[in-house]
Amino acid sequence: MPTDKKIKDVMVGIFEYPHIPYWFSIDQAMRIIKVSFLSTKKYPEPLAVLVFDEKYNLLGTLTLKDMLRGLEPRFMRTPTEKAQVLSEEESELSLIWNTLFARESKDLAKKPVNEIMVPAKYFVEPDDPITKAAYLMIHHDLILLPVLENKKKFVGLVRMIEIFDELSNAILQE
Amino acid sequence: MAELIHREYPQKLYYQLCEIIKKKIESKEWDVGSQIPTEDELCKIYGVSRVTVRAAISELVREGYLFRQQGKGTFVRKQISDELIMLTSFRELMLEPGIEFSTDVLAQTTMMPVGNISTLLDCPADKHIIYIKRATIVEDKPIIIQEVYIPLHICPQLLGEDIVHNSLFGLFKKYEIDITRIRNYFGTAYLSPEEAQFFGLAEGSPTLLLNQLFFSGETPIMYTRSIKRSDSFGFAIEFKKSSINERRFYVKR
């Protein structure tokens, strides 16, 4: 039986995560991740930054994977069917990865974060059941969902870890 | 009854007239924003020549007691406190008194203190700050861009306040935050591509830069970086020998 808990019972505050404007670059976001989390050995799940516009509207989220994806050299991106690619096991590939990463990624790190963030398309409201968050996370591959009051005001975040915690309690108790 | 000019006194006539007018302003007999008598009227009231009246008014404009509005007259200017001479906004310092301007709020949001902002504001790099960006527009032309950084915990309410029609000083006062000291740095800044596009000037054009760090007691509460286009305005600072605290700023076209 799914729990009766609501989003407002499990959500966390918006200032639990760093905020950056969309024009910040990937390397600025990386520095913020280091300072806000890594150097203080705080590892909340997920490690992410929130991306805002000039008027303090949430635009999207950026996880570590999103940042690394933004730095991926062009050659290494998912090939089309027609392109011939080496198998990932080929030893020459690691040399190519290293060389290309070193050459291109510093330039790619200057890109603004809005080019690589996950746009905040989906959201939940404080009085929604937590199962709604679970549904959206599963179907849209999300680990962080914004909580909006009256579909406008950004009041919190709901995370996979809290959703999992509550739902697993409901499962394991029966 | 008007105070008399004493022709037998050794002080120059215009200086005496200056002192008389200053007293009227300081005692609020002539209130801030009010129009003073015309040159003709002052000549008649004090029995002095037009040359004397003009010299006195020029001196009082220079000292910041009065300002002239072309075609309208001469008015009493808002007083700058001797103690907190810098407690006026950059825009008030950099714009000729009486000039009409409007404000565009380009950003009012949050961010983390990147670069040297964390050090300047003595704010840990993992603490949020409020970021405000505003442009001052005169005759449809952007004249000043100002970026403002405030640690969120100092005044989180600022995120939701109307900063088009309210000054930040007024808002700090509303939330009972007292600004006690301002550290200023004047210099030159060269326009970045984005700034150049905004001003409609060439990239790398020099601008007047003012960085200000505001304190409440020993706590830094706000850092601002303002740049002003220098293609149509100059800037002058005058220090009076009599008092190290007496400073006046005015714009020179």
# chains A, B, ... in the order shown; residues from 1 in each chain; ligands from 1

call {"tool": "closest_atom_pairs", "arguments": {"of": "chain B", "to": "chain A", "cutoff": "6 Å", "atoms": "only C-alpha atoms", "output": "CSV"}}
result
residue,atom,partner,partner_atom,distance
B:Ala107,CA,A:Glu54,CA,4.3
B:Gln108,CA,A:Lys55,CA,5.5
B:Thr109,CA,A:Tyr56,CA,4.5
B:Met111,CA,A:Ile20,CA,4.5
B:Asp126,CA,A:Ser36,CA,4.6

call {"tool": "atom_distance", "arguments": {"atom1": "atom CA of Gln70 of chain B", "atom2": "atom CA of Ile99 of chain B"}}
result
10.4 Å

call {"tool": "select_by_dssp", "arguments": {"residues": "segment 30-196 of chain B", "states": "helix (DSSP H, G or I)", "output": "MDAnalysis selection string"}}
result
chainID B and resid 39:46 50:62 90:94 117:120 152:154 156:160 168:174 193:196

call {"tool": "residues_around", "arguments": {"residues": "segment 112-116 of chain A", "least_positions_apart": "3", "cutoff": "7 Å", "atoms": "only C-alpha atoms", "output": "list in words"}}
result
Tyr22, Trp23, Phe24, Ser25, Ile26, Asp66 and Gly70 of chain A

call {"tool": "residues_around", "arguments": {"residues": "Lys121 of chain A", "least_positions_apart": "3", "cutoff": "9 Å", "atoms": "only C-alpha atoms", "output": "PyMOL selection string"}}
result
chain A and resi 59-60+118

call {"tool": "write_last_selection", "arguments": {"atoms": "C-alpha atoms", "output": "PDB file, in the first residue's frame"}}
result
ATOM      1  CA  LEU A  59      15.205  27.034 -15.427  1.00  0.00           C
ATOM      2  CA  GLY A  60      16.781  23.669 -14.806  1.00  0.00           C
ATOM      3  CA  VAL A 118      18.220  19.461 -17.686  1.00  0.00           C
TER       4      VAL A 118
END

call {"tool": "residues_around", "arguments": {"residues": "Leu136 of chain A", "least_positions_apart": "3", "cutoff": "12 Å", "atoms": "only C-alpha atoms", "output": "list in words"}}
result
Lys121, Tyr122, Phe123, Val124, Asp128, Pro129, Ile130, Thr131, Lys132, Ala133, His139, His140, Asp141, Leu142, Ile143, Leu144, Leu145, Pro146, Val158, Arg159, Met160 and Ile163 of chain A

call {"tool": "residues_around", "arguments": {"residues": "segment 184-189 of chain B", "least_positions_apart": "5", "cutoff": "7 Å", "atoms": "only C-alpha atoms", "output": "ChimeraX atom specification"}}
result
/B:206-213

call {"tool": "residues_around", "arguments": {"residues": "segment 103-107 of chain A", "least_positions_apart": "4", "cutoff": "9 Å", "atoms": "only C-alpha atoms", "output": "number ranges by chain"}}
result
A: 27, 70-74, 98-99, 111

call {"tool": "write_last_selection", "arguments": {"atoms": "C-alpha atoms", "output": "PDB file, in the first residue's frame"}}
result
ATOM      1  CA  ASP A  27      33.823  25.579 -15.282  1.00  0.00           C
ATOM      2  CA  GLY A  70      28.973  18.977 -21.624  1.00  0.00           C
ATOM      3  CA  LEU A  71      32.730  18.492 -21.705  1.00  0.00           C
ATOM      4  CA  GLU A  72      32.710  15.436 -23.916  1.00  0.00           C
ATOM      5  CA  PRO A  73      34.865  15.947 -27.002  1.00  0.00           C
ATOM      6  CA  ARG A  74      32.817  16.007 -30.187  1.00  0.00           C
ATOM      7  CA  ASN A  98      42.809  11.432 -23.201  1.00  0.00           C
ATOM      8  CA  THR A  99      44.157  13.508 -26.055  1.00  0.00           C
ATOM      9  CA  LYS A 111      29.963  27.055 -22.543  1.00  0.00           C
TER      10      LYS A 111
END

call {"tool": "closest_residue", "arguments": {"among": "B:Arg50, B:Ile182, B:Gly71, B:Asp122", "to": "Thr224 of chain B", "atoms": "only C-alpha atoms"}}
result
B:Ile182

call {"tool": "select_by_dssp", "arguments": {"residues": "chain A", "states": "strand (DSSP E or B)", "output": "PyMOL selection string"}}
result
chain A and resi 6+12+19-21+25+48-52+58-63+112+118-119+124+129+144-149+153-159

call {"tool": "atom_distance", "arguments": {"atom1": "atom CA of Leu201 of chain B", "atom2": "atom CA of Gly115 of chain B"}}
result
26.1 Å

call {"tool": "atom_distance", "arguments": {"atom1": "atom CA of Ala135 of chain B", "atom2": "atom CA of Thr103 of chain B"}}
result
5.7 Å

call {"tool": "closest_residue", "arguments": {"among": "B:Thr74, B:Thr219, B:Ser167, B:Ser230", "to": "Leu191 of chain B", "atoms": "only C-alpha atoms"}}
result
B:Ser230
